[in-house]
There are 2 protein chains.
Amino acid sequence: LTAAGVHVSARDLEDFVARIFTAKGMRPDAAATVADVLCFANRRGIDSHGVSRIASYLGYIDKGHLDPCAEPVLRPIGPSLFVLAAQRAAGPVAMTRAVDEAIVRARAGGVCVGLVSETTHTGAVGYYSSRAAAADCAALIVGAGPPNMAYHGARAASLSTSPITLAVPGGAAPLALDMATSIAAMGRLYEARDAGEPLPEGWALAADGAPTTDPEAAAITLPLGGPKGSGLALLIECVTGVLCGTPILTRMLGPGATRRHMQNALILVIDIAAVRPVAEFRADIESLSALVRALPRRHEDEEILLPGERGARTAARTAMTGIALSKATWRRLGEIALSLGIALPPTGEPKDA
Amino acid sequence: LTAAGVHVSARDLEDFVARIFTAKGMRPDAAATVADVLCFANRRGIDSHGVSRIASYLGYIDKGHLDPCAEPVLRPIGPSLFVLAAQRAAGPVAMTRAVDEAIVRARAGGVCVGLVSETTHTGAVGYYSSRAAAADCAALIVGAGPPNMAYHGARAASLSTSPITLAVPGGAAPLALDMATSIAAMGRLYEARDAGEPLPEGWALAADGAPTTDPEAAAITLPLGGPKGSGLALLIECVTGVLCGTPILTRMLGPGATRRHMQNALILVIDIAAVRPVAEFRADIESLSALVRALPRRHEDEEILLPGERGARTAARTAMTGIALSKATWRRLGEIALSLGIALPPTGEPKDA
């Protein structure tokens, strides 16, 4: 274990993660899905949504917020609309099932909207939109969870950092945007905490609502663009949890408030071939991508990147070098491995690509 | 004409606007739709998207970018998916037709996605999502147009300020968010120009790509949250124009670039009753709205507003006082009236509500 942390091969890390969740009672295929989604984030350098979240997932299982044995129930409403009642299944399990169902239905009718209700932390939502893009579909996904972001003008956690992801098939990799509606995702705050680094001004409030740059004190994120991020997050709650009849904010902020962790999501998938030939669509995306890359730069030495490009490059690199895990994350994984009687994956020295 | 401008009744202003467009060859019902959409913005205080845009709409007609006689062509792809080929019809005409079609289809199948291709400036997209919300539907609409915003890291106009609107039925008024993916919409820059006021730092670049606060020099807006707004606008172009086979950015930035004005949009409408009883949905939205309004404030004297609330209040006030038009807008309307031989609407002194 070097000062910087360790390197683990993606395959070994995935096997390790899957063993953790099977040890908690999850079916092997479901555990493999959770492992795939979490390691997707680490492979792409989005450590805030990777294996560092396992401890909280296990906490949800222990508190009964996440049912490792849950079987999500599909409620078709029409050929192009369904609700997947997740029954508190792990987010990756419910979301993967839902996006796959939406792809199949979009293939038949051109389009499908899937609503996922009562799931748990979904991981990086870009995983699901990229999965649809890999199936030659365009996808838009929004999700909502427990309050950890302030509504514009409020000094209390009152919205989730509700992510938005959009993806379309591109050239080598899909164009895939995955963003929080906050200035910074909660995971970024946790990373700053682990690194012991102060936060930029304007990112967060302390639990009492006072602005702070102290990562230990930071408890509430602030919305992107004030009323814009705030409005997006509120409307995302409305078209996910409120629409499904499983609202989160009124349950967690209202009278008789509960702190049970829960998430909801809306998935829109459009089969590109239903609208125009996929090859033509891809060619246009490649032309557009080339134009964007070649734009005159504001700062000559700062390359212009496409949505998802940084993650795709990191993934290509980590396929060679393995995944770098911070000391704090590795220590936590060690504690989990010990408590469950599971061996940690083999590690190597950090390598450069 | 006072120093501040004039007040005109909404009804008189709408009649005047409709006469302008019928004088340009538009069918009376289409002209009334354009007038309704533009005056919707003025009624709600969004002057940047109101009658101040008429001069540019007439310019589009004169240059052949907007066909006042166009009949949009509906191409159904499946029960829940269609393309409306707008044939360069006025944005309000094509968008109103498309959202109404999407509502009808959502009523039948629970959901509908409508793609609008080759239309022109749509006006305030919140008009269309609010129209769906008034029909007890949830709506998400995104649109894309000619480049007037810089891609993150670029010093050239390379994306449109691609708006996003989301609306759901609420209590007295729908919850309706309507936002640009730029820090500030182009219309806000025009308003600053008319008012002769400097822009805040970080809002805009001059035509040569240099940052500027001079509203006369400002030519390019900057994306909300850097790569976030930039990524949203790029993906919105991908799921509208590129998906329809009528891309804007590659036509306007690529080899043999054209400057023909054009817009595309994607409309998603979900019939709430297909998912859960509308009365229950509304009750949950009202509970959520009440919770948000009652949140502890960061600044005691700054009220917490819901998406669309400011506009709804302004609309209630302008229904009493009439619509206030700036001197610059009134002068331009006077020039248009003169050139078309149309009488200006009667005006009153500015009134307080």
# chains A, B, ... in the order shown; residues from 1 in each chain; ligands from 1
>>> closest_atom_pairs(of="chain B", to="chain A", cutoff="6 Å", atoms="only C-alpha atoms", output="Markdown table")
| residue | atom | partner | partner_atom | distance |
| --- | --- | --- | --- | --- |
| B:Gly78 | CA | A:Gly109 | CA | 5.6 |
| B:Gly109 | CA | A:Gly78 | CA | 5.6 |
| B:Gly153 | CA | A:Arg298 | CA | 5.4 |
| B:Ala154 | CA | A:Arg297 | CA | 4.4 |
| B:Arg155 | CA | A:Arg298 | CA | 4.9 |
| B:Gly231 | CA | A:Pro307 | CA | 5.8 |
| B:Thr250 | CA | A:Leu288 | CA | 5.7 |
| B:Leu288 | CA | A:Thr250 | CA | 5.7 |
| B:Leu295 | CA | A:Ala154 | CA | 6.0 |
| B:Pro296 | CA | A:Ala154 | CA | 5.6 |
| B:Arg297 | CA | A:Ala154 | CA | 4.4 |
| B:Arg298 | CA | A:Arg155 | CA | 4.9 |
| B:Ile304 | CA | A:Gly153 | CA | 6.0 |
| B:Pro307 | CA | A:Gly231 | CA | 5.8 |
>>> write_last_selection(atoms="C-alpha atoms", output="JSON list (two decimals), in the first residue's frame")
[["chain", "number", "residue", "atom", "x", "y", "z"],
["B", 78, "GLY", "CA", -45.69, 4.55, -33.89],
["B", 109, "GLY", "CA", -51.02, 5.29, -24.94],
["B", 153, "GLY", "CA", -13.39, 25.88, -23.67],
["B", 154, "ALA", "CA", -14.12, 27.31, -27.14],
["B", 155, "ARG", "CA", -13.99, 30.96, -28.17],
["B", 231, "GLY", "CA", -22.85, 19.09, -22.71],
["B", 250, "THR", "CA", -22.94, 20.86, -38.76],
["B", 288, "LEU", "CA", -44.40, 19.46, -1.96],
["B", 295, "LEU", "CA", -38.22, 26.10, 3.92],
["B", 296, "PRO", "CA", -35.91, 28.10, 6.20],
["B", 297, "ARG", "CA", -34.49, 30.95, 4.14],
["B", 298, "ARG", "CA", -30.86, 31.85, 3.54],
["B", 304, "ILE", "CA", -38.63, 31.21, -1.84],
["B", 307, "PRO", "CA", -40.62, 27.31, -10.81]]
>>> atom_distance(atom1="atom CA of Leu66 of chain B", atom2="atom CA of Asp36 of chain B")
17.9 Å
>>> select_by_dssp(residues="segment 244-274 of chain A", states="strand (DSSP E)", output="JSON, numbers by chain")
{"A": [263, 264, 265, 266, 267, 268, 269, 270, 271]}
>>> write_last_selection(atoms="all heavy atoms", output="mmCIF file, in the first residue's frame")
data_model
loop_
_atom_site.group_PDB
_atom_site.id
_atom_site.type_symbol
_atom_site.label_atom_id
_atom_site.label_comp_id
_atom_site.auth_asym_id
_atom_site.auth_seq_id
_atom_site.Cartn_x
_atom_site.Cartn_y
_atom_site.Cartn_z
ATOM 1 N N GLN A 263 -34.663 5.938 -3.946
ATOM 2 C CA GLN A 263 -34.520 6.724 -5.167
ATOM 3 C C GLN A 263 -35.593 6.311 -6.168
ATOM 4 O O GLN A 263 -36.118 5.201 -6.107
ATOM 5 C CB GLN A 263 -33.111 6.554 -5.782
ATOM 6 C CG GLN A 263 -32.008 7.115 -4.888
ATOM 7 C CD GLN A 263 -30.711 7.408 -5.636
ATOM 8 O OE1 GLN A 263 -30.547 7.099 -6.805
ATOM 9 N NE2 GLN A 263 -29.771 8.034 -4.930
ATOM 10 N N ASN A 264 -35.902 7.230 -7.088
ATOM 11 C CA ASN A 264 -36.811 6.978 -8.204
ATOM 12 C C ASN A 264 -36.136 7.511 -9.467
ATOM 13 O O ASN A 264 -35.257 8.364 -9.379
ATOM 14 C CB ASN A 264 -38.129 7.731 -8.015
ATOM 15 C CG ASN A 264 -38.908 7.294 -6.788
ATOM 16 O OD1 ASN A 264 -39.353 6.165 -6.695
ATOM 17 N ND2 ASN A 264 -39.059 8.192 -5.814
ATOM 18 N N ALA A 265 -36.587 7.029 -10.618
ATOM 19 C CA ALA A 265 -35.978 7.514 -11.865
ATOM 20 C C ALA A 265 -36.967 7.443 -13.025
ATOM 21 O O ALA A 265 -37.961 6.709 -12.969
ATOM 22 C CB ALA A 265 -34.731 6.693 -12.202
ATOM 23 N N LEU A 266 -36.688 8.232 -14.031
ATOM 24 C CA LEU A 266 -37.422 8.191 -15.298
ATOM 25 C C LEU A 266 -36.408 7.921 -16.409
ATOM 26 O O LEU A 266 -35.361 8.564 -16.472
ATOM 27 C CB LEU A 266 -38.140 9.518 -15.562
ATOM 28 C CG LEU A 266 -38.940 9.627 -16.871
ATOM 29 C CD1 LEU A 266 -40.117 10.616 -16.694
ATOM 30 C CD2 LEU A 266 -38.094 10.112 -18.049
ATOM 31 N N ILE A 267 -36.733 6.945 -17.245
ATOM 32 C CA ILE A 267 -35.851 6.546 -18.348
ATOM 33 C C ILE A 267 -36.609 6.734 -19.657
ATOM 34 O O ILE A 267 -37.692 6.180 -19.831
ATOM 35 C CB ILE A 267 -35.451 5.059 -18.202
ATOM 36 C CG1 ILE A 267 -34.648 4.839 -16.921
ATOM 37 C CG2 ILE A 267 -34.691 4.574 -19.430
ATOM 38 C CD1 ILE A 267 -34.388 3.372 -16.598
ATOM 39 N N LEU A 268 -36.052 7.526 -20.567
ATOM 40 C CA LEU A 268 -36.630 7.679 -21.907
ATOM 41 C C LEU A 268 -35.650 7.083 -22.908
ATOM 42 O O LEU A 268 -34.476 7.463 -22.928
ATOM 43 C CB LEU A 268 -36.850 9.163 -22.221
ATOM 44 C CG LEU A 268 -37.114 9.514 -23.699
ATOM 45 C CD1 LEU A 268 -38.433 8.930 -24.190
ATOM 46 C CD2 LEU A 268 -37.114 11.037 -23.902
ATOM 47 N N VAL A 269 -36.128 6.140 -23.709
ATOM 48 C CA VAL A 269 -35.283 5.519 -24.732
ATOM 49 C C VAL A 269 -35.963 5.660 -26.087
ATOM 50 O O VAL A 269 -37.160 5.368 -26.223
ATOM 51 C CB VAL A 269 -35.016 4.025 -24.410
ATOM 52 C CG1 VAL A 269 -34.277 3.345 -25.557
ATOM 53 C CG2 VAL A 269 -34.209 3.889 -23.123
ATOM 54 N N ILE A 270 -35.218 6.124 -27.075
ATOM 55 C CA ILE A 270 -35.730 6.236 -28.445
ATOM 56 C C ILE A 270 -34.848 5.374 -29.335
ATOM 57 O O ILE A 270 -33.615 5.486 -29.303
ATOM 58 C CB ILE A 270 -35.692 7.700 -28.946
ATOM 59 C CG1 ILE A 270 -36.517 8.613 -28.032
ATOM 60 C CG2 ILE A 270 -36.192 7.794 -30.393
ATOM 61 C CD1 ILE A 270 -36.381 10.105 -28.349
ATOM 62 N N ASP A 271 -35.499 4.505 -30.124
ATOM 63 C CA ASP A 271 -34.762 3.662 -31.064
ATOM 64 C C ASP A 271 -34.435 4.512 -32.290
ATOM 65 O O ASP A 271 -35.343 4.918 -33.033
ATOM 66 C CB ASP A 271 -35.622 2.459 -31.462
ATOM 67 C CG ASP A 271 -34.897 1.546 -32.434
ATOM 68 O OD1 ASP A 271 -33.654 1.454 -32.355
ATOM 69 O OD2 ASP A 271 -35.576 0.929 -33.277
#
>>> closest_residue(among="B:Ala195, B:Val34, B:Glu118, B:Gly171", to="Glu286 of chain B", atoms="only C-alpha atoms")
B:Gly171
>>> decode(residues="segment 155-270 of chain A", atoms="C-alpha atoms", output="PDB file, in the first residue's frame")
ATOM      1  CA  ARG A 155     -30.672  26.995   4.074  1.00  0.00           C
ATOM      2  CA  ALA A 156     -31.737  23.365   4.460  1.00  0.00           C
ATOM      3  CA  ALA A 157     -31.264  20.159   2.478  1.00  0.00           C
ATOM      4  CA  SER A 158     -34.493  20.115   0.503  1.00  0.00           C
ATOM      5  CA  LEU A 159     -33.761  18.533  -2.896  1.00  0.00           C
ATOM      6  CA  SER A 160     -31.562  15.735  -4.135  1.00  0.00           C
ATOM      7  CA  THR A 161     -28.656  16.441  -6.468  1.00  0.00           C
ATOM      8  CA  SER A 162     -30.914  14.767  -9.055  1.00  0.00           C
ATOM      9  CA  PRO A 163     -28.672  13.602 -11.890  1.00  0.00           C
ATOM     10  CA  ILE A 164     -29.399  13.996 -15.596  1.00  0.00           C
ATOM     11  CA  THR A 165     -27.824  11.797 -18.221  1.00  0.00           C
ATOM     12  CA  LEU A 166     -28.201  11.934 -21.994  1.00  0.00           C
ATOM     13  CA  ALA A 167     -26.427   9.607 -24.397  1.00  0.00           C
ATOM     14  CA  VAL A 168     -26.409   8.830 -28.100  1.00  0.00           C
ATOM     15  CA  PRO A 169     -24.280   6.423 -30.139  1.00  0.00           C
ATOM     16  CA  GLY A 170     -21.204   8.137 -31.535  1.00  0.00           C
ATOM     17  CA  GLY A 171     -18.057   7.077 -33.297  1.00  0.00           C
ATOM     18  CA  ALA A 172     -15.706   5.039 -31.107  1.00  0.00           C
ATOM     19  CA  ALA A 173     -17.659   5.774 -27.905  1.00  0.00           C
ATOM     20  CA  PRO A 174     -21.121   7.168 -27.215  1.00  0.00           C
ATOM     21  CA  LEU A 175     -21.558  10.865 -26.552  1.00  0.00           C
ATOM     22  CA  ALA A 176     -22.667  10.584 -22.934  1.00  0.00           C
ATOM     23  CA  LEU A 177     -23.324  13.380 -20.478  1.00  0.00           C
ATOM     24  CA  ASP A 178     -23.824  12.540 -16.803  1.00  0.00           C
ATOM     25  CA  MET A 179     -24.260  15.512 -14.498  1.00  0.00           C
ATOM     26  CA  ALA A 180     -25.672  16.426 -11.131  1.00  0.00           C
ATOM     27  CA  THR A 181     -28.055  19.381 -10.867  1.00  0.00           C
ATOM     28  CA  SER A 182     -25.875  20.653  -8.025  1.00  0.00           C
ATOM     29  CA  ILE A 183     -22.678  22.623  -8.535  1.00  0.00           C
ATOM     30  CA  ALA A 184     -20.822  19.546  -7.292  1.00  0.00           C
ATOM     31  CA  ALA A 185     -22.110  16.015  -6.637  1.00  0.00           C
ATOM     32  CA  MET A 186     -22.097  14.800  -3.015  1.00  0.00           C
ATOM     33  CA  GLY A 187     -19.409  12.293  -3.984  1.00  0.00           C
ATOM     34  CA  ARG A 188     -17.097  15.194  -4.808  1.00  0.00           C
ATOM     35  CA  LEU A 189     -17.572  16.484  -1.267  1.00  0.00           C
ATOM     36  CA  TYR A 190     -16.725  13.055   0.143  1.00  0.00           C
ATOM     37  CA  GLU A 191     -13.587  12.967  -2.031  1.00  0.00           C
ATOM     38  CA  ALA A 192     -12.483  16.358  -0.679  1.00  0.00           C
ATOM     39  CA  ARG A 193     -13.114  15.025   2.829  1.00  0.00           C
ATOM     40  CA  ASP A 194     -10.935  11.976   2.177  1.00  0.00           C
ATOM     41  CA  ALA A 195      -8.241  14.167   0.641  1.00  0.00           C
ATOM     42  CA  GLY A 196      -8.488  16.740   3.443  1.00  0.00           C
ATOM     43  CA  GLU A 197      -8.780  19.546   0.912  1.00  0.00           C
ATOM     44  CA  PRO A 198     -10.929  22.674   1.304  1.00  0.00           C
ATOM     45  CA  LEU A 199     -13.929  23.057  -1.011  1.00  0.00           C
ATOM     46  CA  PRO A 200     -14.241  25.957  -3.458  1.00  0.00           C
ATOM     47  CA  GLU A 201     -16.443  28.821  -2.243  1.00  0.00           C
ATOM     48  CA  GLY A 202     -20.103  28.489  -3.164  1.00  0.00           C
ATOM     49  CA  TRP A 203     -20.198  24.694  -3.299  1.00  0.00           C
ATOM     50  CA  ALA A 204     -21.762  23.828   0.033  1.00  0.00           C
ATOM     51  CA  LEU A 205     -23.497  24.745   3.254  1.00  0.00           C
ATOM     52  CA  ALA A 206     -22.884  23.283   6.712  1.00  0.00           C
ATOM     53  CA  ALA A 207     -25.713  21.385   8.422  1.00  0.00           C
ATOM     54  CA  ASP A 208     -26.869  24.658  10.044  1.00  0.00           C
ATOM     55  CA  GLY A 209     -27.172  26.326   6.624  1.00  0.00           C
ATOM     56  CA  ALA A 210     -24.074  28.511   6.881  1.00  0.00           C
ATOM     57  CA  PRO A 211     -21.790  28.598   3.823  1.00  0.00           C
ATOM     58  CA  THR A 212     -18.607  26.573   4.324  1.00  0.00           C
ATOM     59  CA  THR A 213     -15.458  25.493   2.516  1.00  0.00           C
ATOM     60  CA  ASP A 214     -14.590  22.920   5.219  1.00  0.00           C
ATOM     61  CA  PRO A 215     -15.173  19.457   3.703  1.00  0.00           C
ATOM     62  CA  GLU A 216     -15.807  17.998   7.175  1.00  0.00           C
ATOM     63  CA  ALA A 217     -18.515  20.576   7.868  1.00  0.00           C
ATOM     64  CA  ALA A 218     -20.035  20.538   4.374  1.00  0.00           C
ATOM     65  CA  ALA A 219     -23.406  18.769   4.522  1.00  0.00           C
ATOM     66  CA  ILE A 220     -25.588  20.402   1.864  1.00  0.00           C
ATOM     67  CA  THR A 221     -24.672  21.059  -1.775  1.00  0.00           C
ATOM     68  CA  LEU A 222     -25.847  24.141  -3.656  1.00  0.00           C
ATOM     69  CA  PRO A 223     -27.815  24.006  -6.924  1.00  0.00           C
ATOM     70  CA  LEU A 224     -26.167  24.625 -10.300  1.00  0.00           C
ATOM     71  CA  GLY A 225     -27.084  28.127 -11.461  1.00  0.00           C
ATOM     72  CA  GLY A 226     -29.310  28.821  -8.438  1.00  0.00           C
ATOM     73  CA  PRO A 227     -32.950  28.598  -9.568  1.00  0.00           C
ATOM     74  CA  LYS A 228     -32.004  26.553 -12.660  1.00  0.00           C
ATOM     75  CA  GLY A 229     -30.440  23.565 -10.877  1.00  0.00           C
ATOM     76  CA  SER A 230     -32.965  23.945  -8.119  1.00  0.00           C
ATOM     77  CA  GLY A 231     -35.901  23.982 -10.528  1.00  0.00           C
ATOM     78  CA  LEU A 232     -34.546  20.992 -12.441  1.00  0.00           C
ATOM     79  CA  ALA A 233     -34.166  18.951  -9.247  1.00  0.00           C
ATOM     80  CA  LEU A 234     -37.675  19.858  -8.058  1.00  0.00           C
ATOM     81  CA  LEU A 235     -39.265  18.979 -11.403  1.00  0.00           C
ATOM     82  CA  ILE A 236     -37.254  15.756 -11.563  1.00  0.00           C
ATOM     83  CA  GLU A 237     -38.760  14.755  -8.199  1.00  0.00           C
ATOM     84  CA  CYS A 238     -42.177  15.563  -9.701  1.00  0.00           C
ATOM     85  CA  VAL A 239     -41.765  13.415 -12.833  1.00  0.00           C
ATOM     86  CA  THR A 240     -40.218  10.488 -10.936  1.00  0.00           C
ATOM     87  CA  GLY A 241     -41.356   9.888  -7.349  1.00  0.00           C
ATOM     88  CA  VAL A 242     -44.476  12.052  -7.374  1.00  0.00           C
ATOM     89  CA  LEU A 243     -45.576  10.606 -10.717  1.00  0.00           C
ATOM     90  CA  CYS A 244     -45.061   7.034  -9.448  1.00  0.00           C
ATOM     91  CA  GLY A 245     -46.832   7.734  -6.154  1.00  0.00           C
ATOM     92  CA  THR A 246     -43.573   7.177  -4.248  1.00  0.00           C
ATOM     93  CA  PRO A 247     -42.494  10.750  -3.484  1.00  0.00           C
ATOM     94  CA  ILE A 248     -39.295  11.196  -1.536  1.00  0.00           C
ATOM     95  CA  LEU A 249     -39.178  14.835  -0.498  1.00  0.00           C
ATOM     96  CA  THR A 250     -42.623  15.037   1.121  1.00  0.00           C
ATOM     97  CA  ARG A 251     -41.872  11.792   2.981  1.00  0.00           C
ATOM     98  CA  MET A 252     -38.495  12.965   4.199  1.00  0.00           C
ATOM     99  CA  LEU A 253     -39.223  16.647   4.846  1.00  0.00           C
ATOM    100  CA  GLY A 254     -42.895  16.571   5.747  1.00  0.00           C
ATOM    101  CA  PRO A 255     -44.782  15.632   8.899  1.00  0.00           C
ATOM    102  CA  GLY A 256     -43.718  12.244  10.297  1.00  0.00           C
ATOM    103  CA  ALA A 257     -40.541  12.436   8.239  1.00  0.00           C
ATOM    104  CA  THR A 258     -38.652   9.201   7.591  1.00  0.00           C
ATOM    105  CA  ARG A 259     -34.962   8.913   6.726  1.00  0.00           C
ATOM    106  CA  ARG A 260     -35.373   5.669   4.790  1.00  0.00           C
ATOM    107  CA  HIS A 261     -33.096   5.869   1.765  1.00  0.00           C
ATOM    108  CA  MET A 262     -34.926   5.632  -1.562  1.00  0.00           C
ATOM    109  CA  GLN A 263     -34.520   6.724  -5.167  1.00  0.00           C
ATOM    110  CA  ASN A 264     -36.811   6.978  -8.204  1.00  0.00           C
ATOM    111  CA  ALA A 265     -35.978   7.514 -11.865  1.00  0.00           C
ATOM    112  CA  LEU A 266     -37.422   8.191 -15.298  1.00  0.00           C
ATOM    113  CA  ILE A 267     -35.851   6.546 -18.348  1.00  0.00           C
ATOM    114  CA  LEU A 268     -36.630   7.679 -21.907  1.00  0.00           C
ATOM    115  CA  VAL A 269     -35.283   5.519 -24.732  1.00  0.00           C
ATOM    116  CA  ILE A 270     -35.730   6.236 -28.445  1.00  0.00           C
TER     117      ILE A 270
END
